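Everything below concerns the one structure shown next.
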Amino acid sequence: MTRRLVGLHRTAAALAAAVVPALTGCFPLGTSHATELRKAAASLLPPGSRVIERSLTDCVEFEGSPSCRLIYFVAPRQPTNALAREVQAAAKRDGWSLSRKDVYAAGTELRLKRRGQRAYISLAAGTRAEACRRKPRKDCASLIDVSVD
């Protein structure tokens with residue numbers, strides 16, 4: 001009787017390990033979902049940028065895991081408006097459309113979308129960008145955030 005219960009528990013545990021991720025959308029890293037996020041974010045990274053940190057994480061509630069890709073980076077030294085145009089051109093070639101662009105003293109923000117994904121890009125400018133070139137860190141870095149939509 002005890003062996004039968006142990007065997008039943010093992011079978012139930014194995015079944016749960018296979019079924020629960022499919023039902024909840026929580027798949028291990030390395031799935032095509034994660035790969036798509038990695039590729040999408042990388043396509044928006046300006047050439048010559050110095051990457052500070054990359055992460056796959058959960059940013060969107062009730063979506064599969066991971067639901068977003070974050071890249072903190074220091075862009076090459078060039079005017080922010082030229083950098084924004086470069087990012088927009090690369091995004092357009094990769095099927096993204098611009099849904100919003102905001103220009104501030106501290107930088108430019110781009111919001112992009114394409115089928116099944118959205119992106120937020122914050123390009124640091126001025127003293128914020130210069131401080132980050134001297135000492136790269138996340139709190140002054142430019143950011144790419146690609147999420148499932």
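We label chains A, B, ... in the order they appear in the structure tokens, count residues from 1 in each chain, and number ligands from 1 in the order shown.
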_For segment 40-42 of chain A: contacts at 8 Å, only C-alpha atoms, fewer than 3 positions along chain excluded, given as a list of chain:residue names_ = A:Glu36, A:Leu37, A:Leu45, A:Arg69, A:Leu70, A:Ile71, A:Ile144, A:Asp145, A:Val146
_Applying 12 Å and only C-alpha atoms, which residues near Cys68 of chain A remain after dropping the ones on its own chain fewer than 4 positions away? List them as a ChimeraX atom specification._
/A:29,33-41,54-61,63-64,116-120,144-149
_Residue nearest Pro66 of chain A - candidates A:Ala84, A:Thr127, A:Trp96, A:Ser32, atoms counted: only C-alpha atoms_ = A:Ser32
*Between A:Leu44, A:Cys140, A:Ala131, A:Arg50, which has the minimum distance to Leu112 of chain A (counting only C-alpha atoms)?*
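So, comparing all the options, the nearest one is A:Leu44.
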_Residue nearest Arg134 of chain A - candidates A:Leu110, A:Leu83, A:Val74, A:Ala90, atoms counted: only C-alpha atoms_ = A:Val74
*At what distance in Å, to one decimal, does atom CA of Ile52 of chain A lie from atom CA of Ser97 of chain A?*
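Atom-to-atom, atom CA of Ser97 of chain A to atom CA of Ile52 of chain A, that is 26.3 Å.
As for atom CA of Leu143 of chain A and atom CA of Phe73 of chain A, they are spaced 6.3 Å apart.
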*asked:* Just want the 8 Å neighbourhood of Ala124 of chain A, counted on only C-alpha atoms, with same-chain residues fewer than 6 positions away dropped. Output as a ChimeraX atom specification.
replied: /A:80,106-108,140-142
Writer output for current selection, N, CA and C atoms, as a PDB file, in the first residue's frame:
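Written output follows (part_39.pdb):
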```pdb
ATOM      1  N   THR A  80      21.869  63.218 -28.976  1.00  0.00           N
ATOM      2  CA  THR A  80      20.757  62.321 -28.661  1.00  0.00           C
ATOM      3  C   THR A  80      19.741  62.246 -29.792  1.00  0.00           C
ATOM      4  N   ALA A 106      16.939  65.757 -20.185  1.00  0.00           N
ATOM      5  CA  ALA A 106      17.777  64.637 -19.725  1.00  0.00           C
ATOM      6  C   ALA A 106      17.823  63.475 -20.704  1.00  0.00           C
ATOM      7  N   GLY A 107      17.067  63.556 -21.803  1.00  0.00           N
ATOM      8  CA  GLY A 107      17.101  62.470 -22.775  1.00  0.00           C
ATOM      9  C   GLY A 107      15.849  62.372 -23.615  1.00  0.00           C
ATOM     10  N   THR A 108      15.792  61.327 -24.414  1.00  0.00           N
ATOM     11  CA  THR A 108      14.677  61.082 -25.319  1.00  0.00           C
ATOM     12  C   THR A 108      14.080  59.717 -25.008  1.00  0.00           C
ATOM     13  N   CYS A 140      22.122  55.815 -14.272  1.00  0.00           N
ATOM     14  CA  CYS A 140      22.308  56.897 -15.249  1.00  0.00           C
ATOM     15  C   CYS A 140      22.279  56.375 -16.681  1.00  0.00           C
ATOM     16  N   ALA A 141      22.159  55.086 -16.847  1.00  0.00           N
ATOM     17  CA  ALA A 141      22.258  54.456 -18.166  1.00  0.00           C
ATOM     18  C   ALA A 141      21.009  54.674 -19.011  1.00  0.00           C
ATOM     19  N   SER A 142      21.208  54.478 -20.305  1.00  0.00           N
ATOM     20  CA  SER A 142      20.076  54.395 -21.220  1.00  0.00           C
ATOM     21  C   SER A 142      19.470  53.000 -21.043  1.00  0.00           C
TER      22      SER A 142
END
```
*asked:* Let me make sure I understand: among A:Ala75, A:Ala129, A:Leu123, A:Ala91, which one has the smallest atom-to-atom distance to Ser43 of chain A if we use only C-alpha atoms?
replied: A:Ala91
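Proximity ranking of A:Gly95, A:Arg128, A:Arg85, A:Lys101 relative to Lys113 of chain A places A:Gly95 first, based on only C-alpha atoms.
The spacing separating atom CA of Ser99 of chain A from atom CA of Val87 of chain A amounts to 13.7 Å.
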Can you list every residue in segment 69-119 of chain A that DSSP puts in strand (DSSP E), as a short mmCIF file (atom, residue, chain, number, x, y, z; two decimals) with N, CA and C atoms, in the first residue's frame?
```cif
data_model
loop_
_atom_site.label_atom_id
_atom_site.label_comp_id
_atom_site.auth_asym_id
_atom_site.auth_seq_id
_atom_site.Cartn_x
_atom_site.Cartn_y
_atom_site.Cartn_z
N ARG A 69 12.62 41.87 -21.56
CA ARG A 69 14.08 41.88 -21.66
C ARG A 69 14.52 43.32 -21.41
N LEU A 70 15.40 43.50 -20.44
CA LEU A 70 15.94 44.81 -20.12
C LEU A 70 17.41 44.86 -20.52
N ILE A 71 17.82 45.95 -21.15
CA ILE A 71 19.24 46.18 -21.44
C ILE A 71 19.57 47.59 -20.97
N TYR A 72 20.48 47.69 -20.02
CA TYR A 72 21.01 48.98 -19.58
C TYR A 72 22.32 49.19 -20.33
N PHE A 73 22.49 50.36 -20.94
CA PHE A 73 23.66 50.58 -21.77
C PHE A 73 24.08 52.05 -21.78
N VAL A 74 25.32 52.26 -22.18
CA VAL A 74 25.85 53.60 -22.42
C VAL A 74 26.04 53.71 -23.92
N SER A 97 6.91 49.96 -35.14
CA SER A 97 6.35 51.27 -35.49
C SER A 97 6.43 52.16 -34.24
N LEU A 98 6.69 53.42 -34.48
CA LEU A 98 6.81 54.39 -33.39
C LEU A 98 5.41 54.80 -32.94
N SER A 99 5.13 54.63 -31.66
CA SER A 99 3.83 55.05 -31.15
C SER A 99 3.93 56.35 -30.36
N ARG A 100 5.14 56.69 -29.88
CA ARG A 100 5.30 57.94 -29.14
C ARG A 100 6.77 58.27 -29.01
N LYS A 101 7.06 59.57 -29.07
CA LYS A 101 8.43 60.06 -28.88
C LYS A 101 8.35 61.31 -28.02
N ASP A 102 9.11 61.31 -26.93
CA ASP A 102 9.16 62.47 -26.04
C ASP A 102 10.62 62.89 -25.89
N VAL A 103 10.86 64.20 -26.05
CA VAL A 103 12.20 64.74 -25.91
C VAL A 103 12.24 65.63 -24.68
N TYR A 104 13.18 65.32 -23.79
CA TYR A 104 13.37 66.07 -22.54
C TYR A 104 14.81 66.54 -22.47
N GLY A 107 17.07 63.56 -21.80
CA GLY A 107 17.10 62.47 -22.78
C GLY A 107 15.85 62.37 -23.62
N THR A 108 15.79 61.33 -24.41
CA THR A 108 14.68 61.08 -25.32
C THR A 108 14.08 59.72 -25.01
N GLU A 109 12.76 59.65 -25.02
CA GLU A 109 12.05 58.39 -24.80
C GLU A 109 11.31 58.01 -26.06
N LEU A 110 11.48 56.76 -26.46
CA LEU A 110 10.77 56.22 -27.63
C LEU A 110 9.90 55.07 -27.15
N ARG A 111 8.68 55.01 -27.68
CA ARG A 111 7.79 53.89 -27.41
C ARG A 111 7.44 53.29 -28.77
N LEU A 112 7.73 52.00 -28.88
CA LEU A 112 7.56 51.29 -30.14
C LEU A 112 6.63 50.11 -29.93
N LYS A 113 6.06 49.65 -31.03
CA LYS A 113 5.24 48.44 -30.94
C LYS A 113 5.34 47.66 -32.24
N ARG A 114 5.09 46.40 -32.11
CA ARG A 114 4.94 45.50 -33.25
C ARG A 114 4.13 44.32 -32.76
N GLN A 117 4.59 42.54 -29.26
CA GLN A 117 5.63 43.14 -28.42
C GLN A 117 5.50 44.65 -28.39
N ARG A 118 6.04 45.22 -27.30
CA ARG A 118 6.16 46.68 -27.22
C ARG A 118 7.54 46.98 -26.62
N ALA A 119 8.05 48.16 -26.93
CA ALA A 119 9.37 48.54 -26.44
C ALA A 119 9.34 49.95 -25.91
#
```
_segment 79-139 of chain A: residues DSSP assigns to alpha helix (DSSP H), reported as a list in words_ =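 Secondary structure check on segment 79-139 of chain A, alpha helix (DSSP H): Thr80, Asn81, Ala82, Leu83, Ala84, Arg85, Glu86, Val87, Gln88, Ala89, Ala90, Ala91, Lys92, Arg93, Gly126, Thr127, Arg128, Ala129, Glu130, Ala131, Cys132, Arg133 and Arg134 of chain A.
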